[in-house]
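Shown next: protein.cif, given as mmCIF, C-alpha atoms.
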data_input
#
loop_
_atom_site.label_atom_id
_atom_site.label_comp_id
_atom_site.auth_asym_id
_atom_site.auth_seq_id
_atom_site.Cartn_x
_atom_site.Cartn_y
_atom_site.Cartn_z
CA MET A 27 -37.53 -23.39 135.22
CA THR A 28 -41.11 -22.13 135.40
CA SER A 29 -43.86 -21.88 132.82
CA GLU A 30 -44.31 -18.82 130.65
CA THR A 31 -48.05 -19.39 130.71
CA GLY A 32 -48.07 -18.64 134.44
CA LYS A 33 -50.33 -21.64 135.03
CA ILE A 34 -47.65 -23.95 136.38
CA GLN A 35 -46.48 -23.15 139.88
CA THR A 36 -42.85 -23.60 140.79
CA ALA A 37 -40.97 -23.45 144.07
CA TYR A 38 -37.97 -21.88 142.30
CA PRO A 39 -38.88 -18.53 140.66
CA GLN A 40 -37.48 -18.21 137.15
CA GLU A 41 -36.01 -14.77 137.80
CA VAL A 42 -34.06 -16.13 140.78
CA TRP A 43 -32.77 -19.03 138.70
CA ASP A 44 -31.71 -16.68 135.88
CA GLU A 45 -29.91 -14.37 138.31
CA GLU A 46 -27.96 -17.26 139.82
CA HIS A 47 -26.81 -18.63 136.47
CA THR A 48 -25.69 -15.51 134.63
CA ARG A 49 -22.02 -16.51 134.96
CA ASP A 50 -22.22 -20.26 134.34
CA ARG A 51 -19.51 -21.57 132.05
CA PHE A 52 -20.30 -23.80 129.10
CA GLU A 53 -18.44 -27.09 129.44
CA MET A 54 -19.15 -30.81 129.23
CA ALA A 55 -19.88 -32.72 132.43
CA SER A 56 -16.59 -34.16 133.66
CA ALA A 57 -15.89 -37.89 133.55
CA ASP A 58 -16.24 -38.10 137.34
CA ASP A 59 -19.57 -36.25 137.43
CA GLN A 60 -21.78 -38.66 139.38
CA VAL A 61 -24.88 -38.08 137.27
CA ARG A 62 -22.83 -38.66 134.12
CA CYS A 63 -21.53 -41.94 135.60
CA TRP A 64 -25.11 -42.99 136.36
CA MET A 65 -26.08 -42.15 132.78
CA ASP A 66 -23.08 -44.07 131.41
CA THR A 67 -24.23 -47.21 133.18
CA ALA A 68 -27.80 -46.92 131.90
CA ILE A 69 -26.85 -46.08 128.33
CA GLU A 70 -24.27 -48.83 128.01
CA GLN A 71 -26.69 -51.39 129.40
CA TRP A 72 -29.96 -50.44 127.76
CA VAL A 73 -29.49 -48.22 124.69
CA LYS A 74 -29.29 -50.47 121.63
CA VAL A 75 -29.85 -47.85 118.90
CA PRO A 76 -26.68 -46.93 116.94
CA PRO A 77 -25.33 -43.56 118.17
CA GLY A 78 -25.87 -41.89 114.82
CA GLU A 79 -29.59 -42.63 115.05
CA VAL A 80 -30.21 -41.59 118.67
CA ARG A 81 -32.34 -38.52 119.35
CA SER A 82 -31.60 -37.22 122.85
CA LEU A 83 -33.47 -34.54 124.79
CA GLU A 84 -32.59 -32.81 128.04
CA ILE A 85 -35.40 -31.08 129.92
CA GLY A 86 -34.03 -28.10 131.81
CA CYS A 87 -30.87 -28.24 129.71
CA PHE A 88 -28.93 -25.13 130.75
CA PRO A 89 -25.89 -24.82 130.95
CA GLY A 90 -25.53 -27.71 128.51
CA ARG A 91 -23.12 -30.03 130.35
CA TYR A 92 -25.16 -33.11 129.48
CA LEU A 93 -26.10 -31.89 126.01
CA ALA A 94 -22.37 -31.80 125.26
CA TYR A 95 -22.08 -35.31 126.72
CA PHE A 96 -24.80 -36.53 124.35
CA GLY A 97 -23.20 -34.68 121.45
CA ALA A 98 -19.83 -36.29 122.13
CA ARG A 99 -21.54 -39.69 121.94
CA GLY A 100 -22.73 -38.85 118.44
CA TYR A 101 -26.37 -38.34 119.41
CA GLU A 102 -28.65 -35.69 117.99
CA VAL A 103 -28.82 -33.01 120.69
CA ASN A 104 -32.14 -31.47 121.73
CA GLY A 105 -32.91 -29.32 124.76
CA ILE A 106 -35.54 -27.05 126.28
CA ASP A 107 -35.05 -24.43 129.01
CA LEU A 108 -36.41 -20.97 129.84
CA THR A 109 -33.04 -19.53 130.89
CA PRO A 110 -32.27 -16.63 128.50
CA ARG A 111 -28.71 -17.76 127.72
CA VAL A 112 -29.95 -20.98 126.07
CA ALA A 113 -30.12 -19.15 122.76
CA PRO A 114 -28.00 -17.88 121.23
CA GLU A 115 -25.11 -18.28 123.72
CA MET A 116 -25.37 -21.95 124.69
CA LEU A 117 -26.63 -22.98 121.26
CA ASP A 118 -23.70 -21.24 119.57
CA TRP A 119 -21.29 -23.10 121.87
CA LEU A 120 -22.85 -26.46 120.98
CA VAL A 121 -22.81 -25.69 117.26
CA GLY A 122 -19.19 -24.57 117.50
CA ALA A 123 -18.28 -27.89 119.11
CA GLY A 124 -19.53 -29.70 116.01
CA TYR A 125 -22.38 -31.63 117.63
CA ARG A 126 -25.46 -32.76 115.71
CA ILE A 127 -28.12 -30.27 116.72
CA GLY A 128 -31.85 -30.86 116.54
CA ARG A 129 -33.97 -28.47 118.60
CA VAL A 130 -32.23 -26.48 121.32
CA GLU A 131 -34.74 -23.88 122.38
CA LYS A 132 -35.51 -21.24 124.96
CA GLY A 133 -39.05 -22.19 125.79
CA ASP A 134 -41.62 -23.60 128.16
CA PHE A 135 -41.34 -27.35 128.78
CA PHE A 136 -45.08 -27.57 129.47
CA ALA A 137 -45.77 -26.30 125.94
CA PHE A 138 -43.04 -28.40 124.29
CA THR A 139 -44.11 -31.21 121.96
CA ASP A 140 -42.34 -33.36 119.39
CA PRO A 141 -44.29 -35.82 117.22
CA ARG A 142 -41.26 -38.07 116.63
CA GLY A 143 -40.34 -38.52 120.29
CA PHE A 144 -36.87 -39.23 121.64
CA ASP A 145 -34.72 -42.28 122.28
CA ILE A 146 -33.38 -40.72 125.49
CA VAL A 147 -35.14 -38.12 127.63
CA LEU A 148 -32.93 -36.79 130.42
CA SER A 149 -34.10 -34.66 133.33
CA ASN A 150 -31.73 -33.81 136.16
CA GLY A 151 -32.65 -31.36 138.91
CA PHE A 152 -35.90 -30.21 137.27
CA LEU A 153 -38.89 -32.17 138.55
CA GLU A 154 -38.37 -31.28 142.21
CA HIS A 155 -39.17 -27.61 141.69
CA PHE A 156 -42.82 -28.24 140.75
CA PRO A 157 -45.54 -28.85 143.36
CA ASP A 158 -47.63 -30.51 140.62
CA TRP A 159 -44.77 -32.93 140.05
CA GLU A 160 -46.99 -35.75 138.79
CA ARG A 161 -48.12 -33.66 135.82
CA CYS A 162 -44.51 -32.70 135.19
CA PHE A 163 -43.38 -36.34 135.35
CA GLU A 164 -46.09 -37.42 132.92
CA GLY A 165 -44.93 -34.69 130.54
CA HIS A 166 -41.51 -36.32 130.54
CA LEU A 167 -43.04 -39.72 129.73
CA ASP A 168 -44.96 -38.26 126.80
CA LEU A 169 -41.72 -37.35 125.03
CA VAL A 170 -40.19 -40.85 125.07
CA ARG A 171 -40.68 -42.85 121.86
CA PRO A 172 -41.41 -46.62 121.94
CA GLY A 173 -38.26 -48.45 123.02
CA GLY A 174 -36.76 -45.21 124.36
CA LEU A 175 -35.48 -44.43 127.84
CA LEU A 176 -36.39 -41.90 130.49
CA LEU A 177 -33.43 -40.97 132.69
CA LEU A 178 -34.70 -38.78 135.52
CA ALA A 179 -32.79 -37.73 138.63
CA THR A 180 -33.32 -35.27 141.46
CA PRO A 181 -31.21 -34.31 144.45
CA ASN A 182 -31.89 -36.34 147.57
CA PHE A 183 -33.26 -34.00 150.23
CA VAL A 184 -35.45 -36.69 151.82
CA GLY A 185 -32.77 -39.03 153.18
CA LYS A 186 -32.02 -38.46 156.87
CA THR A 187 -28.41 -37.33 156.43
CA GLN A 188 -28.95 -35.19 153.35
CA ARG A 189 -32.14 -33.63 154.71
CA PHE A 190 -30.43 -32.65 157.95
CA LEU A 191 -27.49 -31.06 156.14
CA HIS A 192 -29.64 -29.09 153.71
CA GLU A 193 -32.16 -27.96 156.33
CA VAL A 194 -29.40 -26.68 158.61
CA LEU A 195 -26.77 -25.43 156.15
CA ASP A 196 -28.71 -24.78 152.93
CA ARG A 197 -32.13 -23.66 154.14
CA GLU A 198 -33.02 -21.13 151.47
CA ASN A 199 -32.18 -23.55 148.69
CA PHE A 200 -33.90 -26.39 150.57
CA ASP A 201 -37.14 -24.39 150.66
CA ARG A 202 -37.10 -24.04 146.86
CA HIS A 203 -37.46 -27.80 146.45
CA CYS A 204 -40.63 -29.90 146.68
CA LEU A 205 -39.77 -32.93 148.75
CA GLU A 206 -42.97 -34.67 147.63
CA ALA A 207 -41.46 -34.90 144.14
CA MET A 208 -38.50 -36.93 145.43
CA ASN A 209 -40.57 -40.07 145.35
CA LEU A 210 -39.21 -43.28 143.84
CA GLU A 211 -42.40 -45.24 144.39
CA GLY A 212 -44.50 -42.46 142.91
CA TRP A 213 -42.27 -42.33 139.84
CA ARG A 214 -42.49 -46.10 139.46
CA ARG A 215 -46.26 -46.05 139.75
CA LEU A 216 -46.69 -43.35 137.12
CA ALA A 217 -44.21 -44.91 134.70
CA GLU A 218 -45.75 -48.37 134.90
CA SER A 219 -49.26 -46.95 134.52
CA ARG A 220 -48.17 -45.42 131.21
CA GLY A 221 -46.69 -48.59 129.73
CA PHE A 222 -43.08 -48.22 130.84
CA GLU A 223 -40.81 -50.92 132.22
CA VAL A 224 -38.86 -49.64 135.21
CA LEU A 225 -35.27 -50.82 134.80
CA ARG A 226 -33.85 -49.07 137.82
CA ALA A 227 -35.21 -46.81 140.57
CA ASP A 228 -32.91 -46.08 143.49
CA TYR A 229 -30.65 -43.71 145.38
CA PHE A 230 -27.23 -43.41 143.80
CA ALA A 231 -23.72 -41.99 143.99
CA GLU A 232 -21.11 -41.52 146.67
CA PHE A 233 -21.75 -39.09 149.51
CA ASP A 234 -21.56 -35.44 148.50
CA PHE A 235 -22.88 -32.12 149.75
CA TRP A 236 -23.34 -28.74 148.13
CA ASN A 237 -25.43 -25.65 148.81
CA GLY A 238 -27.29 -23.32 146.52
CA PRO A 239 -26.47 -19.60 146.16
CA GLN A 240 -27.82 -17.69 149.17
CA ARG A 241 -26.82 -15.44 152.03
CA ARG A 242 -25.56 -17.52 154.94
CA PRO A 243 -24.04 -16.67 158.32
CA LEU A 244 -20.35 -17.32 158.81
CA TRP A 245 -20.93 -20.42 160.94
CA GLN A 246 -22.92 -22.07 158.16
CA LYS A 247 -20.24 -21.25 155.61
CA ALA A 248 -17.52 -22.61 157.88
CA ILE A 249 -19.31 -25.89 158.58
CA GLY A 250 -20.23 -26.33 154.92
CA ARG A 251 -16.66 -25.81 153.80
CA GLY A 252 -15.45 -28.18 156.48
CA ILE A 253 -17.79 -30.92 155.27
CA GLN A 254 -16.73 -30.40 151.67
CA ALA A 255 -13.06 -30.61 152.65
CA LEU A 256 -13.74 -33.88 154.47
CA ILE A 257 -15.75 -35.53 151.69
CA PRO A 258 -12.90 -37.84 150.52
CA ILE A 259 -12.51 -39.13 154.08
CA LEU A 260 -16.25 -39.36 154.77
CA ARG A 261 -16.70 -41.48 151.65
CA LEU A 262 -14.51 -44.15 153.23
CA PHE A 263 -17.13 -44.65 155.94
CA ILE A 264 -20.44 -43.67 154.30
CA PRO A 265 -21.78 -46.31 151.89
CA SER A 266 -22.59 -45.42 148.30
CA ASN A 267 -26.13 -45.72 146.93
CA SER A 268 -27.56 -44.95 150.36
CA SER A 269 -31.10 -43.67 150.88
CA SER A 270 -29.85 -41.55 153.77
CA ALA A 271 -26.61 -40.07 152.45
CA SER A 272 -26.38 -40.39 148.67
CA PRO A 273 -26.90 -37.05 146.92
CA TYR A 274 -29.28 -38.29 144.21
CA LEU A 275 -32.23 -40.50 143.47
CA GLY A 276 -33.13 -41.54 139.97
CA ILE A 277 -35.23 -43.70 137.70
CA VAL A 278 -34.44 -45.39 134.40
CA ALA A 279 -37.58 -46.51 132.57
CA ARG A 280 -38.15 -47.83 129.04
CA ARG A 281 -41.32 -47.31 127.04
CA LYS A 282 -42.53 -50.68 125.85
CA GLU A 283 -42.65 -51.13 122.08
#

Can you dump the structure from the file as structure tokens?
Amino acid sequence: MTSETGKIQTAYPQEVWDEEHTRDRFEMASADDQVRCWMDTAIEQWVKVPPGEVRSLEIGCFPGRYLAYFGARGYEVNGIDLTPRVAPEMLDWLVGAGYRIGRVEKGDFFAFTDPRGFDIVLSNGFLEHFPDWERCFEGHLDLVRPGGLLLLATPNFVGKTQRFLHEVLDRENFDRHCLEAMNLEGWRRLAESRGFEVLRADYFAEFDFWNGPQRRPLWQKAIGRGIQALIPILRLFIPSNSSSASPYLGIVARRKE
């Protein structure tokens, strides 16, 4: 999550992240995963390269749910993450599944380069942990080859409904996120300034709510569980793709050839 050089500040200390993810299971993102559905739409509409020729990269790739998704599509799988279990544990799992593996590395994103670039660069839940998010975003752009796509998403903690829920019921996790990074117009500005065509930039997905690992009083746990139990009913009344209530915001941008 952070930088091994110590020069890049993060709101989410690496040691905390590692502690929280020691027991994560390795499995592909499910078909109803809302980020996967968002990716499906973008890939089917805008990726024209034959699957066997696609180089895909996920930034902040642990625990590999979306790497497996790319691998199942026939793409070359590449990923970078500082979490210790990336190699050999996660890498061994991906190899065992028979996916085409390129570079899957435990390493610092801010020191990661690749002269060939990638047809798809995915980042989900990464950018929003860095106060210097503009530098981080530009680093993502640098890895996209001409004609390739950037697919970048963050949780939505800036919409009125989602912000209220996370501030009240998920405060410790909320404080580990940089709200300034959740900035569709800022993303658009940076992408266009670097020669990208913005294909989509919006809030997406049906209403959802989750909380990060933390100590919480019983009343917070009870309310959080109540909301989660009511999600199927709440979705009947709360519109999808809402700036206030949708759980994600994302951008799809293509580097001009």

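Put simply, atom CA of Pro172 of chain A is 21.7 Å away from atom CA of Ile127 of chain A.
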
Reference answer for the PyMOL selection byres ((chain A and resi 90) around 8), as a list in words: Phe52, Glu53, Met54, Cys87, Phe88, Pro89, Arg91, Tyr92, Leu93, Ala94 and Met116 of chain A

Test item: the PyMOL selection byres ((chain A and resi 178-187) around 8) resolved as JSON, numbers by chain: {"A": [147, 148, 149, 150, 151, 152, 153, 154, 176, 177, 188, 189, 190, 191, 192, 200, 205, 208, 229, 269, 270, 271, 272, 273, 274, 275, 276, 277, 278]}

Chain and number of each residue from the PyMOL selection byres ((chain A and resi 213) around 12), as a count of residues only: 40

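Atom pair atom CA of Pro265 of chain A / atom CA of Ala68 of chain A has a distance of 20.9 Å (rounded to one decimal).
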
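Of the residues under consideration (A:Arg142, A:Arg99, A:Lys132, A:His203), A:Lys132 shows the shortest atom-to-atom contact distance to Val112 of chain A when counting all atoms listed in the file.
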
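Interatomic distance, atom CA of Gly97 of chain A to atom CA of Ser82 of chain A: 8.9 Å.
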
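Distances from A:Lys74, A:Thr36, A:Trp64, A:Ile69 to His155 of chain A were compared using all atoms listed in the file, and the smallest one belongs to A:Thr36.
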
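Of the residues under consideration (A:Leu120, A:Arg111, A:Asp168, A:Val75), A:Asp168 shows the shortest atom-to-atom contact distance to Thr139 of chain A when counting all atoms listed in the file.
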
Long-range neighbours of Leu169 of chain A as number ranges by chain, 7 Å cut-off, all atoms listed in the file, 4 positions minimum in chain: A: 140, 143-144, 165

Given only C-alpha atoms as the counted atoms, nearest of A:Asp50, A:Glu198, A:Asp59, A:Glu193 to Thr109 of chain A: A:Asp50
